[in-house]
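Working notes for the structure below.
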Amino acid sequence: MTWLCSLYFALVSSSTSAFSTQRASLCFQEPTLHQQQRSPAAVDTGRVHTTTTGLYVSPPDSQVGDVLETAEPQSYTTDESGPYNVRRRQIIVSMLSMASLSPLLKASLADDAEEDINPPSPQLPPVNIVKPPLDDRDYFTFTLDNGLRVLLCSDPSTNEAAVAMDVHVGATSDPVEVPGLAHFTEHMLFLGTKQYPQENSFEAFLSNHGGSSNAYTDSENTVYYFDMEAEAASKLMEGLSRFGSFFSDPLFAESATGRELNAIESENKKNLQTDSFRLYQMTKSRANSEHPFSKFFTGNRLTLLDNTVAQGIDLREQLIRFYKTHYSANQMTLAVVAPQSIDELKVMVEETFASIPNSNVEKPENSWAGVLPFGMDKNSIIPSFGNILEIVPVQDLRQLMIAWPIVYKSPKELEEARLYKTSTYVAHLLGHEGPKSLLSYLKRKGWVNTVAVGAQEELSDFETFDLVVGLTSQGLDALDDIVEAIYSYIMMIRDRQVPTYVVNEVLQLEELQWRFTTKGSPRNYATALATSMQKYPPEYYVAGPRRLALDGVENGIIVDATPRSGFVDKDQLARTVARIDKLVRNMVVENGMITVLSKSFENLTDRKERWYGTDYRTSPIASSVLDKWTHPVSTKSLQINFPRPNIFIPSEAGLRVKFPPLPKIMAAERTFESRLTPIRPPRILQDDDKWTVYFKEDDRFGVPKAYVVLEISSKYPFESSKNAAIANLYEVCVTDRLGEYAYDAGLAGLTYEVKVVPRGLRFTFGGYNDKLKDFVEYVTRKLSKDVRQLLPQNDAEFGRYKDQVMRALTAFDVKQPYFHASYYSQLVIQPRRFLYPNSDLRVETRSILLPDLVEYAESVLKFGRGEALIQGNLDEQEALSLAKMLDKILPFQSIPSSLLPPRQEALPLPPSRGDVVPTRLLITEPNPADENSVSYILLQSLGKSERDHVLIELISAIVSEPFYNELRTRRQLGYIVSSGLRGLAGTRTLSFVVQSSVAASAFLTVEIIKFLDTVDSNILQKLSDADIAVYIRSLIDRKTEPDKDLSVEVTRNWSEIASGRLEFDRLQKEAAELLEVQKEDLIDFWRQLYSNDGRRALITEMIPRQGEASSILPPTSSGYEAGDIFTSGLVLGIDDITQFRRDSEKLFLLEQSLLESGQQSASEPEPAEQAS
């Protein structure tokens, strides 16, 4: 064991790590409406939801990219992150909780000294917080003397902590003369406090302790949150102190105020071409101008600088006034999720948040009480009702939206609405996708593709209940009939009693999720708790957002944690039905706001929205049409009815756990050796010339769930760009055709996906194992035996599917420029048959005919070789039975391994000299209206060893925060600034990206290179051995973190199987390798990666056509010809990519041949010689 081991153990009890996953992430997420991102990897904490609860995303395709610490794999199951089922997991998170109480904390816990090392027990909590049955954490809620409400959650199984503060003030409280002030205040709180004046102090601290931070401004709330490794109590104490100072003594420094305006402006410009932001502002334009919802929330340079200067307003004084007026402790809620005990956490919070001032301010919504949000057409820019609003979208969307405002006359009405959640039942009915549903009828008519329903905007005095219909081109011409059908269904709910079984099923399905709610991301959970505390009584801080029918609070009745199979009694059922009736009686024609989005409105509009420049027009609805909608045809004539009983709801016997989980080891009890011991891998259950089946029974999580992932490998499904284009159609068709059957299964927790991947066809199934086998059998039988039934029956139906695929492909053009840069960078380093250009897929899709699709569907399962993973609450005999069933249903002809498609490999970038600019790819931004430029620099490491992997991961962690601080915080070059890792077929790339509305892409490239040039001398060489040990220990924490959920383990196991690596202990091997890393290793690796001759790098720039960041547009081709790959200072255009990839494939074969013949890379000719 090296010197590092000793230092490692010394650090375990004194500090936490410095590895920052989120700040390093390049898996960009778009923010939800009015959400601010402090980094492009911001967590999506938005409240938008629909009734399609069966959403399922299969494991990451390991053929395309390895799962790294920067990835957040999708989950198969319901987690606790919030009421809207945020399905996110981290495969590698920090959990090495071995720290004892720090001396600082000990001193604060006991007056006399060192003798009393155990903190006193707190008083019994005044309330019993209702938590899910599987939740083994401790909760405690209390209120500080200053009025701050606190919820503590102690989870000793993890060493990760997360903290969130919800301040009950948002953009609705902006002064009329300074739109965006609440959002700007949120930005400024991160930029220094009196106690910690350095602007990047908090971010640097979190980066050094494996953490991240973010915030968002909502209508009535502003939420701040961070996470970090909290193995050492002293470090968590410091994190809380730094965070608490945001709310007690922020600086609002003059210099920072001026610079951060650039970030607000860049953020606003980033959003200008995003339809969600544009549509949100259009909805606000229909509101009463005297209601604060009508305001422009984001703010920009015009509202915050130019207009304030013109009005003689001092912006900094406005910031301070807003903060002092609204940031009062009595309007704040704090949630802390951490491994420390309740006693410790309580002391920490009391010491770090007690100084927040309490001004005893009233709730902000009191200032507009009684002001109607909609219906005051004289005071609104666009009439609320009686008119159709037609909007030209940025993306090629076709949507019909009806929004019904639900106004709350008192706080009691709002509280009852939150506890009952009546809209959930109505959304279940209107949004159902089974037989005889509204969607089924509209699809039969060829008018729509999708229907999504649910509560949308929620303020203290109103929310909107929205129905969104995805239209076909024929549906755009049948809007009156579609709206009539919608009101026909509403009338059925109103005039006929909703069947009792339907109402019971909705409750039962929600309770099923509650019963098996599992732990999710602490960061997401803390945020959800803090926001829940603003809405629910203390008993329901956890349960409130997640459960229905929580009535009785006013009478002191609290629903306990026991999952319910139905309503408490007939009276409760009757009250629920009555509330459903009340809601639908509000959903009348005269109370519905109708909006239609379509590109067909271009050049037909006559108005432009002020803030986003959205083109639109309004037109009054004819009285005859209103009468038609008010008196619609009967649902019986439309063959529409209530949903049938859901046959997929698991039985109680089917929910039996067959293998009790092994005893859970708390973080403090895990030894270092045990961390490096891999968990039991899947074993081979069947291995012959047709199938290799892996199996593992669940002995770790104790949930009645199982997963089946299988892949039929063959070249045919993806062998050409035409086949890849047909594959898109195939996926859309079969998913749509299976929809009516699979929808109820999805509601009951069964999910599936059919996906054509570069090496064949993959099926993924998951959920409660009770009826999983029947579900798998039905879907696979349809795809293999009855596939013709899943395809369009005529050219009209085929055209509907083809239209969906084409519009999805063209949507690429209006994505964010950083997405485009990332896409083209990845395109360059992937073999041609593994990733086809978007442009090629468009061309091929236009030429596809129905017979092409039929031939493809009937051929895709004729030949191949199968691999499968069966894992979960199944015994070996059940798994064998399932495997035998699949073999019988999928009678493909086995092919020899020589005919299988090759495993994916990363294409090597050409080596270049360290003093020459690497290959540049210059592309005109495809969206002509987007004014943002991008520079994306990719450094490629082809090494596949554990040592190569951990070295580049360490460097990524080390440089992430300095890069962000230099180019975002200090230089203000753009709102999106990030760096991070990606994996491809065992190789790694380290990327640096900046998106800017104020600087040209070439300038961004120069600035990124300037930073990279200083990494060696200014960052790596200045690291001490202790610094490096902290980073290493942090990465070990993440790699040896026990999985939180069965789905995470399944994802990782399948990644190893599908990639062919079968290194189920890869993470433990890499953790062991980290113990050997020294400072010189990092410096040498960085020099090979970036500085030395032979480095492999690619610069991709997106050049906008207009705006401050625009520059001369590049040609589509630089004249690149075959064999030019080694040209020094190579510049490529978009049309050169295909030939460059051909040359890269030849280069790969050449280098592989050299390796196989025993020659070392040092024998390669120098780049200059190659060029000559």
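Letters A, B, ... mark the chains of the structure tokens in the order given; residue numbers begin at 1 per chain; ligand numbers begin at 1, in order shown.
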
### Query
What's the 12 Å shell around Val453 in chain A, counting only C-alpha atoms, without same-chain residues fewer than 6 positions away, as a PyMOL selection string?
chain A and resi 48-53+400-404+423-433+438-439+464-470+486

Would you save the residues from that selection as a short mmCIF file (atom, residue, chain, number, x, y, z; two decimals), in the first residue's frame, using N, CA, C and O atoms?
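Once everything was written out, this is part.cif:
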```
data_model
loop_
_atom_site.label_atom_id
_atom_site.label_comp_id
_atom_site.auth_asym_id
_atom_site.auth_seq_id
_atom_site.Cartn_x
_atom_site.Cartn_y
_atom_site.Cartn_z
N VAL A 48 -44.19 20.81 -14.01
CA VAL A 48 -45.04 20.38 -15.11
C VAL A 48 -45.17 18.87 -15.11
O VAL A 48 -44.19 18.15 -14.98
N HIS A 49 -46.39 18.36 -15.24
CA HIS A 49 -46.56 16.93 -15.28
C HIS A 49 -47.78 16.57 -16.10
O HIS A 49 -48.61 17.41 -16.39
N THR A 50 -47.84 15.33 -16.50
CA THR A 50 -48.99 14.85 -17.25
C THR A 50 -49.48 13.57 -16.61
O THR A 50 -48.95 13.11 -15.62
N THR A 51 -50.50 13.00 -17.23
CA THR A 51 -51.05 11.77 -16.66
C THR A 51 -50.38 10.53 -17.22
O THR A 51 -50.74 9.42 -16.87
N THR A 52 -49.42 10.69 -18.09
CA THR A 52 -48.74 9.53 -18.64
C THR A 52 -47.71 9.05 -17.64
O THR A 52 -46.54 9.36 -17.72
N THR A 53 -48.18 8.28 -16.65
CA THR A 53 -47.31 7.89 -15.55
C THR A 53 -46.49 6.66 -15.86
O THR A 53 -45.68 6.24 -15.05
N LEU A 400 -52.70 21.71 -29.80
CA LEU A 400 -53.90 22.39 -29.31
C LEU A 400 -53.86 22.32 -27.80
O LEU A 400 -53.64 21.25 -27.23
N MET A 401 -54.05 23.46 -27.15
CA MET A 401 -54.04 23.50 -25.69
C MET A 401 -55.29 24.19 -25.19
O MET A 401 -55.69 25.25 -25.72
N ILE A 402 -55.90 23.59 -24.19
CA ILE A 402 -57.01 24.22 -23.49
C ILE A 402 -56.62 24.31 -22.02
O ILE A 402 -56.25 23.30 -21.41
N ALA A 403 -56.68 25.51 -21.47
CA ALA A 403 -56.34 25.73 -20.06
C ALA A 403 -57.55 26.32 -19.35
O ALA A 403 -58.11 27.33 -19.79
N TRP A 404 -57.93 25.66 -18.26
CA TRP A 404 -59.03 26.14 -17.45
C TRP A 404 -58.47 26.68 -16.12
O TRP A 404 -57.93 25.91 -15.32
N SER A 423 -57.53 17.12 -9.15
CA SER A 423 -57.16 17.17 -10.56
C SER A 423 -56.52 15.87 -11.03
O SER A 423 -56.56 15.55 -12.23
N THR A 424 -55.92 15.10 -10.11
CA THR A 424 -55.30 13.83 -10.48
C THR A 424 -56.32 12.86 -11.05
O THR A 424 -56.06 12.15 -12.03
N TYR A 425 -57.52 12.82 -10.47
CA TYR A 425 -58.56 11.91 -10.94
C TYR A 425 -59.06 12.34 -12.32
O TYR A 425 -59.24 11.50 -13.21
N VAL A 426 -59.28 13.64 -12.49
CA VAL A 426 -59.79 14.13 -13.77
C VAL A 426 -58.73 13.96 -14.86
O VAL A 426 -59.03 13.59 -16.00
N ALA A 427 -57.46 14.20 -14.51
CA ALA A 427 -56.38 13.99 -15.47
C ALA A 427 -56.28 12.53 -15.87
O ALA A 427 -56.01 12.20 -17.03
N HIS A 428 -56.50 11.63 -14.92
CA HIS A 428 -56.47 10.19 -15.21
C HIS A 428 -57.53 9.85 -16.26
O HIS A 428 -57.27 9.05 -17.17
N LEU A 429 -58.70 10.45 -16.15
CA LEU A 429 -59.80 10.15 -17.08
C LEU A 429 -59.54 10.76 -18.45
O LEU A 429 -59.56 10.08 -19.48
N LEU A 430 -59.29 12.06 -18.49
CA LEU A 430 -59.11 12.74 -19.78
C LEU A 430 -57.82 12.31 -20.48
O LEU A 430 -57.76 12.29 -21.71
N GLY A 431 -56.81 11.97 -19.71
CA GLY A 431 -55.52 11.61 -20.30
C GLY A 431 -55.31 10.14 -20.51
O GLY A 431 -54.23 9.72 -20.93
N HIS A 432 -56.34 9.33 -20.24
CA HIS A 432 -56.20 7.89 -20.39
C HIS A 432 -55.93 7.53 -21.85
O HIS A 432 -56.41 8.21 -22.77
N GLU A 433 -55.18 6.45 -22.06
CA GLU A 433 -54.79 6.08 -23.42
C GLU A 433 -55.26 4.68 -23.79
O GLU A 433 -54.84 4.13 -24.81
N LEU A 438 -60.56 9.02 -24.82
CA LEU A 438 -60.60 10.20 -25.70
C LEU A 438 -59.49 10.11 -26.73
O LEU A 438 -59.72 10.36 -27.93
N LEU A 439 -58.28 9.74 -26.30
CA LEU A 439 -57.16 9.63 -27.23
C LEU A 439 -57.44 8.56 -28.28
O LEU A 439 -57.14 8.74 -29.47
N THR A 464 -53.87 26.36 -13.15
CA THR A 464 -54.57 26.06 -14.39
C THR A 464 -54.55 24.56 -14.60
O THR A 464 -53.58 23.87 -14.26
N PHE A 465 -55.65 24.07 -15.12
CA PHE A 465 -55.76 22.65 -15.48
C PHE A 465 -55.67 22.59 -17.00
O PHE A 465 -56.52 23.14 -17.70
N ASP A 466 -54.62 21.96 -17.50
CA ASP A 466 -54.29 22.05 -18.92
C ASP A 466 -54.47 20.71 -19.62
O ASP A 466 -54.14 19.66 -19.08
N LEU A 467 -54.97 20.78 -20.84
CA LEU A 467 -55.04 19.62 -21.72
C LEU A 467 -54.30 19.99 -23.00
O LEU A 467 -54.62 21.00 -23.64
N VAL A 468 -53.30 19.19 -23.36
CA VAL A 468 -52.46 19.47 -24.53
C VAL A 468 -52.58 18.31 -25.51
O VAL A 468 -52.37 17.15 -25.15
N VAL A 469 -52.93 18.63 -26.73
CA VAL A 469 -53.14 17.63 -27.78
C VAL A 469 -52.07 17.81 -28.85
O VAL A 469 -51.88 18.91 -29.37
N GLY A 470 -51.35 16.72 -29.17
CA GLY A 470 -50.41 16.74 -30.28
C GLY A 470 -51.16 16.42 -31.57
O GLY A 470 -51.68 15.31 -31.74
N ILE A 486 -63.55 16.74 -26.77
CA ILE A 486 -63.02 16.97 -25.42
C ILE A 486 -64.16 17.36 -24.48
O ILE A 486 -64.29 16.82 -23.37
#
```

### Message
I'd like the contact shell of range 938-944 of chain A - 10 Å cut-off, only C-alpha atoms, skipping same-chain residues fewer than 4 positions apart - returned as a PyMOL selection string.
### Response
chain A and resi 822+825-826+829+905-909+911+918+948-949+952+979-993+1085+1088-1090+1095-1100

### Message
Calculated over only C-alpha atoms, which of the candidates A:Glu797, A:Glu867, A:Glu858, A:Asp687 has the smallest distance to Phe763 in chain A?
### Response
A:Glu867

### Task
Apply DSSP to the structure's backbone, then extract all residues of range 895-1121 of chain A labelled strand (DSSP E or B) and return them as a PyMOL selection string.
chain A and resi 912+919-924+933-941+976-984+987-996+1095+1097-1103

### Task
Find the residues near Tyr408 in chain A: any atom within 7 Å, counting only C-alpha atoms, skip ones fewer than 6 places away on the same chain, and give them as a VMD selection string.
chain A and resid 414 461 to 462

With C-alpha atoms retained, could you export that selection as a PDB file, in the first residue's frame?
```pdb
ATOM      1  CA  LEU A 414     -56.030  26.010  -1.657  1.00  0.00           C
ATOM      2  CA  ASP A 461     -54.732  32.087  -5.619  1.00  0.00           C
ATOM      3  CA  PHE A 462     -55.074  29.942  -8.746  1.00  0.00           C
TER       4      PHE A 462
END
```

### Query
Hey, what's within 8 Å of Ile388 in chain A if we count only C-alpha atoms and toss same-chain stuff fewer than 5 positions away? As a VMD selection string, please?
chain A and resid 593 to 596 618 to 621

### Task
Give me, please, the distance in Å between CA of Glu229 in chain A and CA of Ser157 in chain A, quoted to one decimal.
12.8 Å

### Query
If you count only C-alpha atoms, which residues fall within 12 Å of Ala811 in chain A, apart from same-chain ones fewer than 5 positions away, as a ChimeraX atom specification?
/A:273-275,393-397,804-806,816,820,838-839,842,926-927

Save the residues we just selected, C-alpha atoms, as an mmCIF file, in the first residue's frame?
```cif
data_model
loop_
_atom_site.group_PDB
_atom_site.id
_atom_site.type_symbol
_atom_site.label_atom_id
_atom_site.label_comp_id
_atom_site.auth_asym_id
_atom_site.auth_seq_id
_atom_site.Cartn_x
_atom_site.Cartn_y
_atom_site.Cartn_z
ATOM 1 C CA GLN A 273 -35.604 30.437 -29.130
ATOM 2 C CA THR A 274 -37.123 27.980 -26.651
ATOM 3 C CA ASP A 275 -40.829 27.332 -27.188
ATOM 4 C CA PRO A 393 -43.574 28.105 -32.723
ATOM 5 C CA VAL A 394 -39.826 27.869 -33.195
ATOM 6 C CA GLN A 395 -39.918 24.091 -33.478
ATOM 7 C CA ASP A 396 -42.244 22.414 -35.950
ATOM 8 C CA LEU A 397 -44.946 21.798 -33.375
ATOM 9 C CA GLN A 804 -43.979 12.518 -36.442
ATOM 10 C CA VAL A 805 -40.517 11.204 -37.255
ATOM 11 C CA MET A 806 -39.737 13.991 -39.721
ATOM 12 C CA GLN A 816 -29.425 24.891 -28.170
ATOM 13 C CA HIS A 820 -25.244 21.098 -31.761
ATOM 14 C CA ASN A 838 -29.306 13.851 -38.763
ATOM 15 C CA SER A 839 -29.233 15.211 -42.304
ATOM 16 C CA ARG A 842 -33.969 13.197 -42.986
ATOM 17 C CA PRO A 926 -28.708 25.818 -38.106
ATOM 18 C CA ASN A 927 -31.251 28.042 -36.356
#
```

### Query
Which residues in range 88-324 of chain A does DSSP call helix (DSSP H, G or I)? List them as a PyMOL selection string.
chain A and resi 103-109+113-115+171-173+181-188+201-207+233-246+254-271+275-285+292-294+301-310+315-324

### Message
Using only C-alpha atoms for the distances, tell me which of A:Thr527, A:Pro650, A:Asn449, A:Glu878 is nearest to Arg737 in chain A.
### Response
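Result for the nearest residue to Arg737 in chain A: A:Asn449.
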